[in-house]
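Structure first, commentary second.
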Amino acid sequence: MKELFKDKEHLVRMVGLFGIGFLLFGLMKIILVPNSFGLYGHYRGDSLAEVAAQPVAYAGRGACIDCHSDIDEARTGSKHAVIGCEACHGPLAAHVAEPEKLKPKLPDGEKICLRCHLANPARPVSFPQITLKDHSTDDPCTSCHPAHHPEIS
Amino acid sequence: MTIDRREFLLQTGKLLILTSSAAAALEYVLAGTPEEAPGYTVADHYWAMMIDIEKCIGCGNCARACKEENGVSRQPYYFRTWVERYHVRPEEPELPDVDSPNGGIDGFPEKYRGDDGSKSFFVPKLCNHCAHSPCTQVCPVGATFESPDGVVLVDKKYCLGCRYCVQACPYGCRYIDPDKKVADKCTLCYHRIRKGLTTACCEVCPTGARQIGDLKDPNDPVHEFLRTHKTQVLKPHMATGSKLYYNGLDGSVR
Amino acid sequence: MEMESILNSVQGYMYPNEVELQWSVLIVLYPFITGLVAGAFILASLERVFNVEAVRPTYRLALLTALAFLLVAPMPLQLHLGHPARSFEMYLTPHTSSAMAMFGFIYLWYLMGVLVLEIWLDYRKEIVLMAREKTGYLGKIYKAMTLGVDNISERSLAIDDKVGRFLTIVGIPSAFLLHGYVGFIFGSIKANPWWSTPVMPIVFLFSAIVSGITLVMLMYMLVSWLKGHAMDMNCLDTIGRYLFYAFIIDFTLEMLDLIHRTYEADESFHALNFMMQTRLYTSQIILQIILGTVVPIGLLAAIQIVRVSEMARKGTYVLSGILTLIGIFAMRWNVVIGGQLFSKSFLGYTTYKMGLAGREGMGLSILLLILPFVILWGLVKLLPPWDEEQAA
């Protein structure tokens, strides 16, 4: 046995050093890899809940209608009935949380209307569009087209 | 487990959220008023999105709402979702003119004529939530992944910021969050869909050009949509298993 | 704002998130430096494994050069990370499908398993002699390097030689792996047609061999000149010949790739062709292909054919060597930066503006290129590669 390692002691020590290196690496791996890693796949399982914990800014139309059912009724039968409230009124989850404290501002009528209805060749032909100079007067859009039920009856 | 999932979510959520109003909003939404938030099990869902180009009017509501909902910085020039305008001249269908001024947020000033034989249309873009996503394939540490419910997400606490995933995405959907220095992208509003809400972009789309669908829910309209429309995905030759199904996608779109 | 100016220089249409370049000059340095490592090692192994006795004077210098550059290789990567402190995650939870994740392991293997071990075995006799002779902290360093074994008997040295030879044989595929996979990091990105080609790893490998041989050749000439040693012309001519062969293969592969792309002219061709004729014209056509490849190949070919004086040959080696290094650097630049200048929609182009200062600036890059020479100087002091000449 001794003969076998004769003149090789330095190599044995080097191998030993490598062994210690591997051991330390294994130890680090045990200590430092996050617990939930590999729960669902090659990632931290906990990160799913972390991403999901982000707060909501848009409450969703359901929350609006809960209190403002009158507006929802006013929209019945209109083309605008399918539009989410926050499409025009902006993100209002904060208002839903504290209805009295955070009052939403009324949307800027014409700007909002034209965002969708200004004529543009890239828009689908079937979509109602206007060119400002050909369309009516200088009156605000809502004087003829109530925002929640824009059809002129 | 001693605490149920909702309780757990609520607690972690509260810990993570700094402003009290946002915490209140979360609490409200979790209380289930919009739709009763069910005990969400990841294995029961598989999300996809349908986009109907024939309905898109290029109002930019989606891109705007996305930035509001997810706190994506307005400057510089990063987008989780954006809208492109294509203008295709019949003589050169392979070289369309494309623009997306500020991602479509400020609308599209009229630029092309409609009567010269050319055609133009809008194409909303976002993460394709690929089933074989090249971005998660190249992540060296497992900081980005396809969740069991079919959403490609980033673990912001684990990401190195090596930017390899940004290079690997064929659709240009990723960027580096300038504040956190980690990869960022569309989460399909994962924080919303787990609570039974739709994504912010779908919520504000006035024409219903965007809809999310749960492929594992037999009653979801997604199945009817896919059955009755000729759908296509972006860059099908990339074979990424994209789950962003377009109706009316023109061949010039890339 | 800086972004505004970049936006203004966008031509055509880019996906919004593409306007900003992801990988800067630091990522150009990385394949350049690893290439030098792999090439230097291959030159060293010529002597050891293939018994090319003529290049013996450069053997140890080549090994030390490889080590000095290998120590610097990960620095640009580390500096470029958004969260440098998280880089250890690559060792903790390596994603096996990621070419980049394998970097850490191949790097460590090559550094510890091949280079350090081989140098240690080759120098062990000197280390032990120094440990006996020197005192003070230098003595302690040598002592530590002996691992406390004083044995330099004939038999032990013969064993070292055997193990070292085995390590070199293992080292050649390792060096191929080290640089081949760097090519794979780029070549495997299917989203990017400028990168995505199976030839990429092979092109990277051969350009690495070319650059590494060149570097060692220039280092040998420089060191000999500084020390006032006579240059071994047989050695230089042999290196020059091998450089010429490697260069021919490298150039053939690169041109094959270029011709193939041009002939196939797939959907990306329009954009890539436009790029080569505009934004990459100087760095690709002029610097990489003409000045960095055709001219040095021509020079090296000329002295294979025409018999010229020693002085003229030395001059040719220096000139073609410098041009080659510039050309290979330009090649890395064109791959890394060029691959990000066009949109994946193939409809637009952006620009890269390199700053002077800052983490991704030119100043730091130059420092990173100087650093290996500083390390090499230290290594040479510690482990002098030219004992024979000194004795003479």
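In the structure tokens, chains take letters A, B, ... by order of appearance, with residues numbered from 1 within each chain and ligands from 1 in the order shown.
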Check your understanding: Got a sec to pull out which chain C residues are within 8 Å of chain B, counting only C-alpha atoms, and send them as a ChimeraX atom specification?
Key -> /C:3,12-13,15-19,22-23,80-84,86-87,89-90,93-102,189-192,344-345,347
Provide as a PDB file with N, CA and C atoms, in the first residue's frame the residues of chain A at most 6 Å from chain B, counting only C-alpha atoms.
ATOM      1  N   HIS A  42     -38.266  24.054 -12.330  1.00  0.00           N
ATOM      2  CA  HIS A  42     -36.957  24.608 -11.995  1.00  0.00           C
ATOM      3  C   HIS A  42     -37.069  26.096 -11.673  1.00  0.00           C
ATOM      4  N   TYR A  43     -37.721  26.412 -10.576  1.00  0.00           N
ATOM      5  CA  TYR A  43     -37.835  27.790 -10.106  1.00  0.00           C
ATOM      6  C   TYR A  43     -38.361  27.795  -8.682  1.00  0.00           C
ATOM      7  N   SER A  47     -42.429  32.098  -5.730  1.00  0.00           N
ATOM      8  CA  SER A  47     -42.524  33.298  -6.546  1.00  0.00           C
ATOM      9  C   SER A  47     -43.911  33.421  -7.189  1.00  0.00           C
ATOM     10  N   ALA A  52     -48.505  36.995  -7.638  1.00  0.00           N
ATOM     11  CA  ALA A  52     -49.948  37.140  -7.485  1.00  0.00           C
ATOM     12  C   ALA A  52     -50.325  38.170  -6.428  1.00  0.00           C
ATOM     13  N   ALA A  53     -49.379  38.516  -5.559  1.00  0.00           N
ATOM     14  CA  ALA A  53     -49.691  39.430  -4.457  1.00  0.00           C
ATOM     15  C   ALA A  53     -49.675  40.894  -4.874  1.00  0.00           C
ATOM     16  N   GLN A  54     -49.328  41.158  -6.137  1.00  0.00           N
ATOM     17  CA  GLN A  54     -49.307  42.550  -6.602  1.00  0.00           C
ATOM     18  C   GLN A  54     -50.696  43.170  -6.446  1.00  0.00           C
ATOM     19  N   PRO A  55     -50.779  44.439  -5.990  1.00  0.00           N
ATOM     20  CA  PRO A  55     -52.096  45.063  -5.838  1.00  0.00           C
ATOM     21  C   PRO A  55     -52.751  45.347  -7.189  1.00  0.00           C
ATOM     22  N   ALA A  57     -55.021  47.668  -9.731  1.00  0.00           N
ATOM     23  CA  ALA A  57     -55.334  49.085  -9.959  1.00  0.00           C
ATOM     24  C   ALA A  57     -56.701  49.249 -10.614  1.00  0.00           C
ATOM     25  N   GLY A  62     -67.404  44.644 -12.597  1.00  0.00           N
ATOM     26  CA  GLY A  62     -68.291  44.039 -11.597  1.00  0.00           C
ATOM     27  C   GLY A  62     -68.348  44.875 -10.338  1.00  0.00           C
ATOM     28  N   ALA A  63     -67.184  45.355  -9.908  1.00  0.00           N
ATOM     29  CA  ALA A  63     -67.119  46.144  -8.689  1.00  0.00           C
ATOM     30  C   ALA A  63     -67.850  47.477  -8.866  1.00  0.00           C
ATOM     31  N   ILE A  83     -68.668  47.905 -22.739  1.00  0.00           N
ATOM     32  CA  ILE A  83     -67.363  48.500 -22.430  1.00  0.00           C
ATOM     33  C   ILE A  83     -67.148  48.538 -20.923  1.00  0.00           C
ATOM     34  N   GLY A  84     -65.970  48.185 -20.504  1.00  0.00           N
ATOM     35  CA  GLY A  84     -65.618  48.269 -19.093  1.00  0.00           C
ATOM     36  C   GLY A  84     -65.631  49.723 -18.640  1.00  0.00           C
ATOM     37  N   ALA A  87     -62.490  51.747 -18.813  1.00  0.00           N
ATOM     38  CA  ALA A  87     -61.922  52.069 -20.124  1.00  0.00           C
ATOM     39  C   ALA A  87     -61.960  53.573 -20.332  1.00  0.00           C
ATOM     40  N   ALA A  93     -59.593  51.083  -8.557  1.00  0.00           N
ATOM     41  CA  ALA A  93     -59.603  50.157  -7.423  1.00  0.00           C
ATOM     42  C   ALA A  93     -59.474  50.924  -6.108  1.00  0.00           C
ATOM     43  N   ALA A  94     -58.717  52.032  -6.155  1.00  0.00           N
ATOM     44  CA  ALA A  94     -58.542  52.835  -4.936  1.00  0.00           C
ATOM     45  C   ALA A  94     -59.877  53.446  -4.509  1.00  0.00           C
ATOM     46  N   ALA A  97     -61.987  50.836  -2.874  1.00  0.00           N
ATOM     47  CA  ALA A  97     -61.561  50.557  -1.506  1.00  0.00           C
ATOM     48  C   ALA A  97     -62.036  51.654  -0.559  1.00  0.00           C
ATOM     49  N   ARG A 115     -60.637  59.309 -29.053  1.00  0.00           N
ATOM     50  CA  ARG A 115     -59.621  58.263 -28.955  1.00  0.00           C
ATOM     51  C   ARG A 115     -60.079  57.030 -29.736  1.00  0.00           C
ATOM     52  N   CYS A 116     -61.357  56.751 -29.679  1.00  0.00           N
ATOM     53  CA  CYS A 116     -61.871  55.590 -30.404  1.00  0.00           C
ATOM     54  C   CYS A 116     -62.512  55.974 -31.731  1.00  0.00           C
ATOM     55  N   ASN A 120     -59.830  56.871 -38.938  1.00  0.00           N
ATOM     56  CA  ASN A 120     -58.466  56.435 -39.207  1.00  0.00           C
ATOM     57  C   ASN A 120     -58.560  55.236 -40.145  1.00  0.00           C
ATOM     58  N   PRO A 121     -57.853  55.296 -41.272  1.00  0.00           N
ATOM     59  CA  PRO A 121     -57.975  54.206 -42.253  1.00  0.00           C
ATOM     60  C   PRO A 121     -57.581  52.847 -41.693  1.00  0.00           C
ATOM     61  N   ALA A 122     -56.804  52.841 -40.606  1.00  0.00           N
ATOM     62  CA  ALA A 122     -56.388  51.557 -40.048  1.00  0.00           C
ATOM     63  C   ALA A 122     -57.501  50.932 -39.205  1.00  0.00           C
ATOM     64  N   ARG A 123     -58.534  51.706 -38.892  1.00  0.00           N
ATOM     65  CA  ARG A 123     -59.632  51.159 -38.078  1.00  0.00           C
ATOM     66  C   ARG A 123     -60.548  50.317 -38.951  1.00  0.00           C
TER      67      ARG A 123
END
Identify every residue of chain A that has at least one atom within 10 Å of any atom of chain C, counting only C-alpha atoms, and report the result as a PDB file with C-alpha atoms, in the first residue's frame.
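Result saved to part27.pdb:
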ATOM      1  CA  LYS A   6       5.304   6.432  -2.974  1.00  0.00           C
ATOM      2  CA  ASP A   7       6.279   9.653  -4.772  1.00  0.00           C
ATOM      3  CA  LYS A   8       2.612  10.463  -5.233  1.00  0.00           C
ATOM      4  CA  GLU A   9       1.874  12.140  -1.956  1.00  0.00           C
ATOM      5  CA  HIS A  10       1.566  15.590  -3.516  1.00  0.00           C
ATOM      6  CA  LEU A  11      -1.023  14.243  -5.937  1.00  0.00           C
ATOM      7  CA  ARG A  13      -2.994  15.977  -1.276  1.00  0.00           C
ATOM      8  CA  MET A  14      -4.172  17.792  -4.380  1.00  0.00           C
ATOM      9  CA  LEU A  17      -8.012  19.644  -1.774  1.00  0.00           C
ATOM     10  CA  PHE A  18     -10.431  19.050  -4.618  1.00  0.00           C
ATOM     11  CA  PHE A  25     -19.830  23.240  -2.660  1.00  0.00           C
ATOM     12  CA  GLY A  26     -22.305  20.552  -1.660  1.00  0.00           C
ATOM     13  CA  MET A  28     -23.347  25.581   0.206  1.00  0.00           C
ATOM     14  CA  LYS A  29     -25.909  24.101  -2.099  1.00  0.00           C
ATOM     15  CA  ILE A  30     -27.821  22.579   0.796  1.00  0.00           C
ATOM     16  CA  ILE A  31     -27.770  25.804   2.783  1.00  0.00           C
ATOM     17  CA  LEU A  32     -28.357  28.396   0.092  1.00  0.00           C
ATOM     18  CA  VAL A  33     -30.884  26.936  -2.349  1.00  0.00           C
ATOM     19  CA  PRO A  34     -34.283  28.459  -1.515  1.00  0.00           C
ATOM     20  CA  PHE A  37     -37.091  25.779  -5.362  1.00  0.00           C
ATOM     21  CA  GLY A  38     -38.283  22.880  -7.494  1.00  0.00           C
ATOM     22  CA  HIS A  42     -36.957  24.608 -11.995  1.00  0.00           C
ATOM     23  CA  TYR A  43     -37.835  27.790 -10.106  1.00  0.00           C
TER      24      TYR A  43
END
With a distance cut-off of 12 Å and only C-alpha atoms, select the neighbouring residues of Thr316 (chain C), excluding the residue or stretch itself and same-chain residues fewer than 5 positions from it, and output the selection as a PDB file with all heavy atoms, in the first residue's frame.
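As written to disk, around-v4.pdb reads:
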ATOM      1  N   MET C 217       2.371  34.278 -29.831  1.00  0.00           N
ATOM      2  CA  MET C 217       3.481  34.631 -30.722  1.00  0.00           C
ATOM      3  C   MET C 217       3.983  36.048 -30.427  1.00  0.00           C
ATOM      4  O   MET C 217       5.185  36.283 -30.259  1.00  0.00           O
ATOM      5  CB  MET C 217       3.009  34.537 -32.182  1.00  0.00           C
ATOM      6  CG  MET C 217       4.056  34.891 -33.211  1.00  0.00           C
ATOM      7  SD  MET C 217       3.401  34.752 -34.884  1.00  0.00           S
ATOM      8  CE  MET C 217       2.574  36.322 -35.054  1.00  0.00           C
ATOM      9  N   LEU C 218       3.032  36.977 -30.316  1.00  0.00           N
ATOM     10  CA  LEU C 218       3.425  38.360 -30.039  1.00  0.00           C
ATOM     11  C   LEU C 218       4.055  38.484 -28.652  1.00  0.00           C
ATOM     12  O   LEU C 218       5.033  39.210 -28.463  1.00  0.00           O
ATOM     13  CB  LEU C 218       2.203  39.288 -30.147  1.00  0.00           C
ATOM     14  CG  LEU C 218       1.654  39.512 -31.563  1.00  0.00           C
ATOM     15  CD1 LEU C 218       0.407  40.366 -31.526  1.00  0.00           C
ATOM     16  CD2 LEU C 218       2.703  40.158 -32.454  1.00  0.00           C
ATOM     17  N   LEU C 236       9.372  30.616 -34.152  1.00  0.00           N
ATOM     18  CA  LEU C 236       8.487  31.632 -34.708  1.00  0.00           C
ATOM     19  C   LEU C 236       7.894  31.190 -36.046  1.00  0.00           C
ATOM     20  O   LEU C 236       6.696  31.330 -36.290  1.00  0.00           O
ATOM     21  CB  LEU C 236       9.257  32.942 -34.910  1.00  0.00           C
ATOM     22  CG  LEU C 236       9.210  33.948 -33.770  1.00  0.00           C
ATOM     23  CD1 LEU C 236       9.942  35.211 -34.182  1.00  0.00           C
ATOM     24  CD2 LEU C 236       7.784  34.267 -33.373  1.00  0.00           C
ATOM     25  N   ASP C 237       8.755  30.643 -36.907  1.00  0.00           N
ATOM     26  CA  ASP C 237       8.281  30.209 -38.222  1.00  0.00           C
ATOM     27  C   ASP C 237       7.248  29.101 -38.088  1.00  0.00           C
ATOM     28  O   ASP C 237       6.259  29.054 -38.833  1.00  0.00           O
ATOM     29  CB  ASP C 237       9.454  29.726 -39.084  1.00  0.00           C
ATOM     30  CG  ASP C 237      10.333  30.898 -39.528  1.00  0.00           C
ATOM     31  OD1 ASP C 237       9.799  32.024 -39.581  1.00  0.00           O
ATOM     32  OD2 ASP C 237      11.521  30.684 -39.803  1.00  0.00           O
ATOM     33  N   GLY C 240       4.092  30.636 -36.959  1.00  0.00           N
ATOM     34  CA  GLY C 240       3.524  31.347 -38.099  1.00  0.00           C
ATOM     35  C   GLY C 240       2.825  30.396 -39.062  1.00  0.00           C
ATOM     36  O   GLY C 240       1.748  30.701 -39.580  1.00  0.00           O
ATOM     37  N   VAL C 295      -5.607  40.477 -45.331  1.00  0.00           N
ATOM     38  CA  VAL C 295      -4.234  41.002 -45.329  1.00  0.00           C
ATOM     39  C   VAL C 295      -3.285  40.102 -44.529  1.00  0.00           C
ATOM     40  O   VAL C 295      -2.244  39.679 -45.060  1.00  0.00           O
ATOM     41  CB  VAL C 295      -4.206  42.458 -44.826  1.00  0.00           C
ATOM     42  CG1 VAL C 295      -2.780  42.937 -44.645  1.00  0.00           C
ATOM     43  CG2 VAL C 295      -4.944  43.378 -45.796  1.00  0.00           C
ATOM     44  N   PRO C 296      -3.612  39.747 -43.266  1.00  0.00           N
ATOM     45  CA  PRO C 296      -2.661  38.870 -42.559  1.00  0.00           C
ATOM     46  C   PRO C 296      -2.491  37.510 -43.206  1.00  0.00           C
ATOM     47  O   PRO C 296      -1.380  36.973 -43.224  1.00  0.00           O
ATOM     48  CB  PRO C 296      -3.252  38.753 -41.147  1.00  0.00           C
ATOM     49  CG  PRO C 296      -4.587  39.363 -41.183  1.00  0.00           C
ATOM     50  CD  PRO C 296      -4.652  40.258 -42.364  1.00  0.00           C
ATOM     51  N   ILE C 297      -3.578  36.946 -43.765  1.00  0.00           N
ATOM     52  CA  ILE C 297      -3.424  35.654 -44.456  1.00  0.00           C
ATOM     53  C   ILE C 297      -2.467  35.824 -45.633  1.00  0.00           C
ATOM     54  O   ILE C 297      -1.571  34.998 -45.857  1.00  0.00           O
ATOM     55  CB  ILE C 297      -4.789  35.109 -44.938  1.00  0.00           C
ATOM     56  CG1 ILE C 297      -5.582  34.560 -43.738  1.00  0.00           C
ATOM     57  CG2 ILE C 297      -4.596  33.997 -45.972  1.00  0.00           C
ATOM     58  CD1 ILE C 297      -6.893  33.895 -44.101  1.00  0.00           C
ATOM     59  N   GLY C 298      -2.638  36.925 -46.354  1.00  0.00           N
ATOM     60  CA  GLY C 298      -1.755  37.187 -47.498  1.00  0.00           C
ATOM     61  C   GLY C 298      -0.305  37.313 -47.056  1.00  0.00           C
ATOM     62  O   GLY C 298       0.596  36.720 -47.655  1.00  0.00           O
ATOM     63  N   LEU C 299      -0.092  38.062 -45.975  1.00  0.00           N
ATOM     64  CA  LEU C 299       1.277  38.255 -45.478  1.00  0.00           C
ATOM     65  C   LEU C 299       1.896  36.925 -45.058  1.00  0.00           C
ATOM     66  O   LEU C 299       3.038  36.608 -45.404  1.00  0.00           O
ATOM     67  CB  LEU C 299       1.259  39.216 -44.284  1.00  0.00           C
ATOM     68  CG  LEU C 299       1.028  40.696 -44.608  1.00  0.00           C
ATOM     69  CD1 LEU C 299       0.864  41.496 -43.318  1.00  0.00           C
ATOM     70  CD2 LEU C 299       2.180  41.254 -45.432  1.00  0.00           C
ATOM     71  N   LEU C 300       1.086  36.145 -44.291  1.00  0.00           N
ATOM     72  CA  LEU C 300       1.607  34.857 -43.816  1.00  0.00           C
ATOM     73  C   LEU C 300       1.868  33.918 -44.991  1.00  0.00           C
ATOM     74  O   LEU C 300       2.855  33.172 -44.991  1.00  0.00           O
ATOM     75  CB  LEU C 300       0.622  34.224 -42.832  1.00  0.00           C
ATOM     76  CG  LEU C 300       0.506  34.919 -41.471  1.00  0.00           C
ATOM     77  CD1 LEU C 300      -0.666  34.369 -40.674  1.00  0.00           C
ATOM     78  CD2 LEU C 300       1.802  34.751 -40.675  1.00  0.00           C
ATOM     79  N   ALA C 301       0.988  33.962 -45.987  1.00  0.00           N
ATOM     80  CA  ALA C 301       1.178  33.109 -47.162  1.00  0.00           C
ATOM     81  C   ALA C 301       2.444  33.523 -47.905  1.00  0.00           C
ATOM     82  O   ALA C 301       3.220  32.664 -48.348  1.00  0.00           O
ATOM     83  CB  ALA C 301      -0.037  33.210 -48.086  1.00  0.00           C
ATOM     84  N   ALA C 302       2.655  34.820 -48.003  1.00  0.00           N
ATOM     85  CA  ALA C 302       3.808  35.315 -48.754  1.00  0.00           C
ATOM     86  C   ALA C 302       5.109  34.766 -48.192  1.00  0.00           C
ATOM     87  O   ALA C 302       5.983  34.319 -48.942  1.00  0.00           O
ATOM     88  CB  ALA C 302       3.808  36.839 -48.737  1.00  0.00           C
ATOM     89  N   ILE C 303       5.234  34.763 -46.844  1.00  0.00           N
ATOM     90  CA  ILE C 303       6.522  34.302 -46.310  1.00  0.00           C
ATOM     91  C   ILE C 303       6.611  32.785 -46.278  1.00  0.00           C
ATOM     92  O   ILE C 303       7.666  32.237 -45.976  1.00  0.00           O
ATOM     93  CB  ILE C 303       6.840  34.907 -44.924  1.00  0.00           C
ATOM     94  CG1 ILE C 303       5.690  34.681 -43.968  1.00  0.00           C
ATOM     95  CG2 ILE C 303       7.212  36.364 -45.015  1.00  0.00           C
ATOM     96  CD1 ILE C 303       6.051  35.064 -42.552  1.00  0.00           C
ATOM     97  N   GLN C 304       5.499  32.096 -46.564  1.00  0.00           N
ATOM     98  CA  GLN C 304       5.617  30.649 -46.763  1.00  0.00           C
ATOM     99  C   GLN C 304       6.258  30.379 -48.122  1.00  0.00           C
ATOM    100  O   GLN C 304       6.942  29.383 -48.308  1.00  0.00           O
ATOM    101  CB  GLN C 304       4.239  29.952 -46.726  1.00  0.00           C
ATOM    102  CG  GLN C 304       3.396  30.223 -45.505  1.00  0.00           C
ATOM    103  CD  GLN C 304       4.018  29.710 -44.228  1.00  0.00           C
ATOM    104  OE1 GLN C 304       4.683  28.674 -44.214  1.00  0.00           O
ATOM    105  NE2 GLN C 304       3.837  30.453 -43.151  1.00  0.00           N
ATOM    106  N   VAL C 308      12.490  35.236 -47.296  1.00  0.00           N
ATOM    107  CA  VAL C 308      12.909  36.604 -46.959  1.00  0.00           C
ATOM    108  C   VAL C 308      13.771  36.586 -45.708  1.00  0.00           C
ATOM    109  O   VAL C 308      13.864  35.577 -45.018  1.00  0.00           O
ATOM    110  CB  VAL C 308      11.698  37.550 -46.735  1.00  0.00           C
ATOM    111  CG1 VAL C 308      10.984  37.842 -48.032  1.00  0.00           C
ATOM    112  CG2 VAL C 308      10.757  36.969 -45.707  1.00  0.00           C
ATOM    113  N   SER C 309      14.381  37.730 -45.437  1.00  0.00           N
ATOM    114  CA  SER C 309      15.331  37.806 -44.329  1.00  0.00           C
ATOM    115  C   SER C 309      14.630  37.637 -42.984  1.00  0.00           C
ATOM    116  O   SER C 309      13.418  37.803 -42.863  1.00  0.00           O
ATOM    117  CB  SER C 309      16.033  39.157 -44.352  1.00  0.00           C
ATOM    118  OG  SER C 309      15.144  40.142 -43.882  1.00  0.00           O
ATOM    119  N   GLU C 310      15.420  37.318 -41.976  1.00  0.00           N
ATOM    120  CA  GLU C 310      14.895  37.120 -40.629  1.00  0.00           C
ATOM    121  C   GLU C 310      14.165  38.370 -40.151  1.00  0.00           C
ATOM    122  O   GLU C 310      13.074  38.297 -39.582  1.00  0.00           O
ATOM    123  CB  GLU C 310      16.074  36.804 -39.701  1.00  0.00           C
ATOM    124  CG  GLU C 310      15.676  36.027 -38.490  1.00  0.00           C
ATOM    125  CD  GLU C 310      16.908  35.499 -37.756  1.00  0.00           C
ATOM    126  OE1 GLU C 310      17.420  34.433 -38.144  1.00  0.00           O
ATOM    127  OE2 GLU C 310      17.340  36.187 -36.827  1.00  0.00           O
ATOM    128  N   MET C 311      14.792  39.499 -40.401  1.00  0.00           N
ATOM    129  CA  MET C 311      14.231  40.771 -39.962  1.00  0.00           C
ATOM    130  C   MET C 311      12.849  40.998 -40.582  1.00  0.00           C
ATOM    131  O   MET C 311      11.893  41.383 -39.907  1.00  0.00           O
ATOM    132  CB  MET C 311      15.201  41.897 -40.377  1.00  0.00           C
ATOM    133  CG  MET C 311      15.144  43.135 -39.524  1.00  0.00           C
ATOM    134  SD  MET C 311      15.263  42.737 -37.774  1.00  0.00           S
ATOM    135  CE  MET C 311      14.215  44.024 -37.135  1.00  0.00           C
ATOM    136  N   GLY C 321       0.279  39.856 -36.890  1.00  0.00           N
ATOM    137  CA  GLY C 321      -0.261  39.526 -35.568  1.00  0.00           C
ATOM    138  C   GLY C 321      -1.192  40.600 -35.048  1.00  0.00           C
ATOM    139  O   GLY C 321      -2.302  40.321 -34.582  1.00  0.00           O
ATOM    140  N   ILE C 322      -0.741  41.843 -35.138  1.00  0.00           N
ATOM    141  CA  ILE C 322      -1.565  42.946 -34.633  1.00  0.00           C
ATOM    142  C   ILE C 322      -2.862  43.057 -35.442  1.00  0.00           C
ATOM    143  O   ILE C 322      -3.958  43.175 -34.883  1.00  0.00           O
ATOM    144  CB  ILE C 322      -0.767  44.263 -34.665  1.00  0.00           C
ATOM    145  CG1 ILE C 322       0.336  44.198 -33.589  1.00  0.00           C
ATOM    146  CG2 ILE C 322      -1.666  45.460 -34.406  1.00  0.00           C
ATOM    147  CD1 ILE C 322       1.353  45.315 -33.668  1.00  0.00           C
ATOM    148  N   LEU C 323      -2.727  42.956 -36.765  1.00  0.00           N
ATOM    149  CA  LEU C 323      -3.928  43.016 -37.610  1.00  0.00           C
ATOM    150  C   LEU C 323      -4.899  41.889 -37.256  1.00  0.00           C
ATOM    151  O   LEU C 323      -6.111  42.086 -37.198  1.00  0.00           O
ATOM    152  CB  LEU C 323      -3.536  42.926 -39.090  1.00  0.00           C
ATOM    153  CG  LEU C 323      -2.928  44.186 -39.708  1.00  0.00           C
ATOM    154  CD1 LEU C 323      -2.536  43.928 -41.153  1.00  0.00           C
ATOM    155  CD2 LEU C 323      -3.912  45.350 -39.629  1.00  0.00           C
ATOM    156  N   THR C 324      -4.346  40.704 -37.000  1.00  0.00           N
ATOM    157  CA  THR C 324      -5.197  39.564 -36.673  1.00  0.00           C
ATOM    158  C   THR C 324      -5.984  39.822 -35.394  1.00  0.00           C
ATOM    159  O   THR C 324      -7.192  39.582 -35.342  1.00  0.00           O
ATOM    160  CB  THR C 324      -4.337  38.299 -36.496  1.00  0.00           C
ATOM    161  OG1 THR C 324      -3.599  38.091 -37.694  1.00  0.00           O
ATOM    162  CG2 THR C 324      -5.198  37.099 -36.198  1.00  0.00           C
TER     163      THR C 324
END
Review point. What does the distance from CA of Phe204 (chain C) to CA of Gly164 (chain C) come to in Å, to one decimal?
Key: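 Going from CA of Phe204 (chain C) over to CA of Gly164 (chain C) covers 26.8 Å.
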Exercise for review: Can you pull out every residue within 12 Å of Gly139 (chain C), counting only C-alpha atoms, but drop anything in the same chain fewer than 6 positions away, and send it as an MDAnalysis selection string?
Suggested key: chainID C and resid 127:133 145:146 382
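With only C-alpha atoms taken into account, the protein and nucleic acid residues at most 7 Å from Tyr245 (chain B) (excluding it and anything under 5 positions from it in its own chain) are Met49, Met50, Ile51, Thr231, Gln232 and Val233 of chain B.
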Check your understanding: So what do you get for CA of Val210 (chain C) versus CA of Ala246 (chain C), distance-wise?
Key -> 5.9 Å
Exercise for review: Can you check which residues of region 47-102 of chain B DSSP gives as strand (DSSP E) on the backbone and send them as a PyMOL selection string?
Suggested key: chain B and resi 47-52+81-88+97-99
Practice item. Provide the CA of Val170 (chain C) to CA of Leu71 (chain C) distance in Å, to one decimal place. Key: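 We find that CA of Val170 (chain C) and CA of Leu71 (chain C) lie 19.9 Å from each other.
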Review point. Using only C-alpha atoms, which residue out of A:His68, A:His135, A:His145, A:Lys2 lies closest to Pro99 (chain A)?
Key: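 Closest to Pro99 (chain A) of all the choices is A:His68.
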Check your understanding: region 127-203 of chain C: which residues are helix (DSSP H, G or I) by DSSP, as a PyMOL selection string?
Key -> chain C and resi 127-133+136-146+154-187+200-203
**Study point:** Non-local contacts of Glu254 (chain C) (12 Å; only C-alpha atoms; under 3 positions in same chain excluded) as a list in words
**Key:** Thr197, Val199, Met200, Pro201, Ile202, Val203, Phe204, Leu205, Phe206, Ser207, Phe247, Ile248, Ile249, Asp250, Phe251, Asp257, Leu258, Ile259, His260, Arg261, Gln284, Gln288, Ile289, Thr293, Val294, Ile328, Met331 and Val335 of chain C
